[in-house]
Amino acid sequence: MRVTVYSAQPYDRRFFDEVGATRFADAGIEWHYQPVALTRQTVALAAGSDAVCVFVNDSLEAAVLEALAAQGVGAVVLRCAGFNNVDLEAARRLGLFVARVPAYSPEAVAEHALAMIMTLNRKTHRAYNRVREGNFALDGLLGVTLHGKTAGVVGSGRIGLAMARILHGLGCEVLGYDPSPAAAFEAYGENVPLAALLSRADIVSLHCPLNEATHHLIDAAALAGMKPGAMLVNTSRGALIDTPAVIDALKSRQLGALAIDVYEQESELFFHDHSAEIIEDDVFARLASFPNVLITGHQGFFTAEALDEIAQVTCANLVAYARDLACPNQL
């Protein structure tokens, strides 16, 4: 089975090659890595393949899916949980098999969210640079004690639950919001309406999927309803927040701090080295100019355990497709 892997990075090659050659050696998977994203312009690179393996910023609109099907591609496997970039109606019409990795090491993303909270609160990123220059002054590095603070977790899926466990362990009062709250959340905190969570929480951490209901969930109105000076953390999907509205809230001091591992227009920036280039995204540049904003390049998932699990589940999805077996991860 020939599989074209789009948006392939060196770490994708490492884990897919390793898992494919060991635990799935009998599957006959032949990987073909392409560093470029899947678009209308690059779809021809999948010619001759039985399947394509894609990531969060690859385009799977109807025109791309039609081109894939015309080339004989029968399966699309996502090495991620989110699938908002897939036109599922078109995929079904074309008879394409589509499967994802619904959850992988949820603790990886939750721990990264915690790292961002800790860094932004105690300003360890600034302290690191100061000490390297021989500056041991503490002015400007004042943080707060998280024990006893109120933390809001939006979304009580596996990652949200992992985040709630961590925050509860820190001694925070944990609030949760989810249209379909998980019963397990009650062991760590209280489920409340979103407006109540925003008004009470010192830290708001987003752990929900991107869909029509959650697009720009944190907009100008939601920001106005937040506790003044609160911290907002987003390690889920960039479009959960209205970035220009967030910039306004930072400028007015309504929002006290922002930590993001995702960005609505990240497809043109993330996963590539732009250090020798001029970044033309003025919105991103404005965000990066704030001293109380911390940005990482979609690395929340990036642990050895998570990448190994992604490779395993992706291979299992491909085997299910090739052997016409039931696949629990099919969309």
# chains A, B, ... in the order shown; residues from 1 in each chain; ligands from 1
call {"tool": "closest_atom_pairs", "arguments": {"of": "range 108-224 of chain A", "to": "range 252-260 of chain A", "cutoff": "9 Å", "atoms": "only C-alpha atoms", "output": "tab-separated table"}}
result
residue	atom	partner	partner_atom	distance
A:Ala113	CA	A:Ala259	CA	8.2
A:Met116	CA	A:Ala259	CA	6.2
A:Ile117	CA	A:Ala259	CA	7.1
A:Leu120	CA	A:Ala259	CA	7.3
A:Asn121	CA	A:Ala257	CA	8.5
A:Leu223	CA	A:Leu255	CA	7.3
A:Ala224	CA	A:Gln254	CA	7.2
call {"tool": "write_last_selection", "arguments": {"atoms": "N, CA and C atoms", "output": "PDB file, in the first residue's frame"}}
result
ATOM      1  N   ALA A 113       0.081  23.149  28.031  1.00  0.00           N
ATOM      2  CA  ALA A 113      -0.724  24.288  28.488  1.00  0.00           C
ATOM      3  C   ALA A 113      -0.257  24.746  29.866  1.00  0.00           C
ATOM      4  N   MET A 116       2.975  26.676  29.581  1.00  0.00           N
ATOM      5  CA  MET A 116       2.751  28.037  29.112  1.00  0.00           C
ATOM      6  C   MET A 116       2.211  28.923  30.234  1.00  0.00           C
ATOM      7  N   ILE A 117       1.303  28.368  31.037  1.00  0.00           N
ATOM      8  CA  ILE A 117       0.757  29.128  32.159  1.00  0.00           C
ATOM      9  C   ILE A 117       1.873  29.492  33.136  1.00  0.00           C
ATOM     10  N   LEU A 120       4.355  32.096  31.566  1.00  0.00           N
ATOM     11  CA  LEU A 120       3.801  33.440  31.448  1.00  0.00           C
ATOM     12  C   LEU A 120       3.577  34.069  32.825  1.00  0.00           C
ATOM     13  N   ASN A 121       3.153  33.256  33.779  1.00  0.00           N
ATOM     14  CA  ASN A 121       2.893  33.784  35.120  1.00  0.00           C
ATOM     15  C   ASN A 121       4.179  34.174  35.839  1.00  0.00           C
ATOM     16  N   LEU A 223     -14.769  38.231  25.792  1.00  0.00           N
ATOM     17  CA  LEU A 223     -13.632  38.888  26.450  1.00  0.00           C
ATOM     18  C   LEU A 223     -14.102  39.948  27.438  1.00  0.00           C
ATOM     19  N   ALA A 224     -15.144  40.677  27.061  1.00  0.00           N
ATOM     20  CA  ALA A 224     -15.689  41.697  27.959  1.00  0.00           C
ATOM     21  C   ALA A 224     -16.275  41.068  29.217  1.00  0.00           C
TER      22      ALA A 224
END
call {"tool": "closest_atom_pairs", "arguments": {"of": "range 186-237 of chain A", "to": "range 141-145 of chain A", "cutoff": "12 Å", "atoms": "only C-alpha atoms", "output": "JSON lines"}}
result
{"residue": "A:Asp202", "atom": "CA", "partner": "A:Val144", "partner_atom": "CA", "distance": 10.5}
{"residue": "A:Ile203", "atom": "CA", "partner": "A:Val144", "partner_atom": "CA", "distance": 11.6}
{"residue": "A:Ala230", "atom": "CA", "partner": "A:Val144", "partner_atom": "CA", "distance": 11.7}
{"residue": "A:Met231", "atom": "CA", "partner": "A:Val144", "partner_atom": "CA", "distance": 11.7}
call {"tool": "select_by_dssp", "arguments": {"residues": "range 135-325 of chain A", "states": "strand (DSSP E)", "output": "number ranges by chain"}}
result
A: 150-154, 173-177, 190-191, 203-206, 230-234, 255-260, 293-295
call {"tool": "closest_residue", "arguments": {"among": "A:Glu18, A:Ser7, A:Ala51, A:Leu161", "to": "Leu38 in chain A", "atoms": "only C-alpha atoms"}}
result
A:Ser7
call {"tool": "closest_residue", "arguments": {"among": "A:Met226, A:Ile310, A:Leu198, A:Val73", "to": "Gly20 in chain A", "atoms": "only C-alpha atoms"}}
result
A:Ile310
call {"tool": "residues_around", "arguments": {"residues": "range 127-129 of chain A", "least_positions_apart": "5", "cutoff": "10 Å", "atoms": "only C-alpha atoms", "output": "ChimeraX atom specification"}}
result
/A:119,122,134-138,140-141
call {"tool": "atom_distance", "arguments": {"atom1": "CA of Glu30 in chain A", "atom2": "CA of Arg2 in chain A"}}
result
4.7 Å
call {"tool": "atom_distance", "arguments": {"atom1": "CA of Pro102 in chain A", "atom2": "CA of Ala81 in chain A"}}
result
4.5 Å
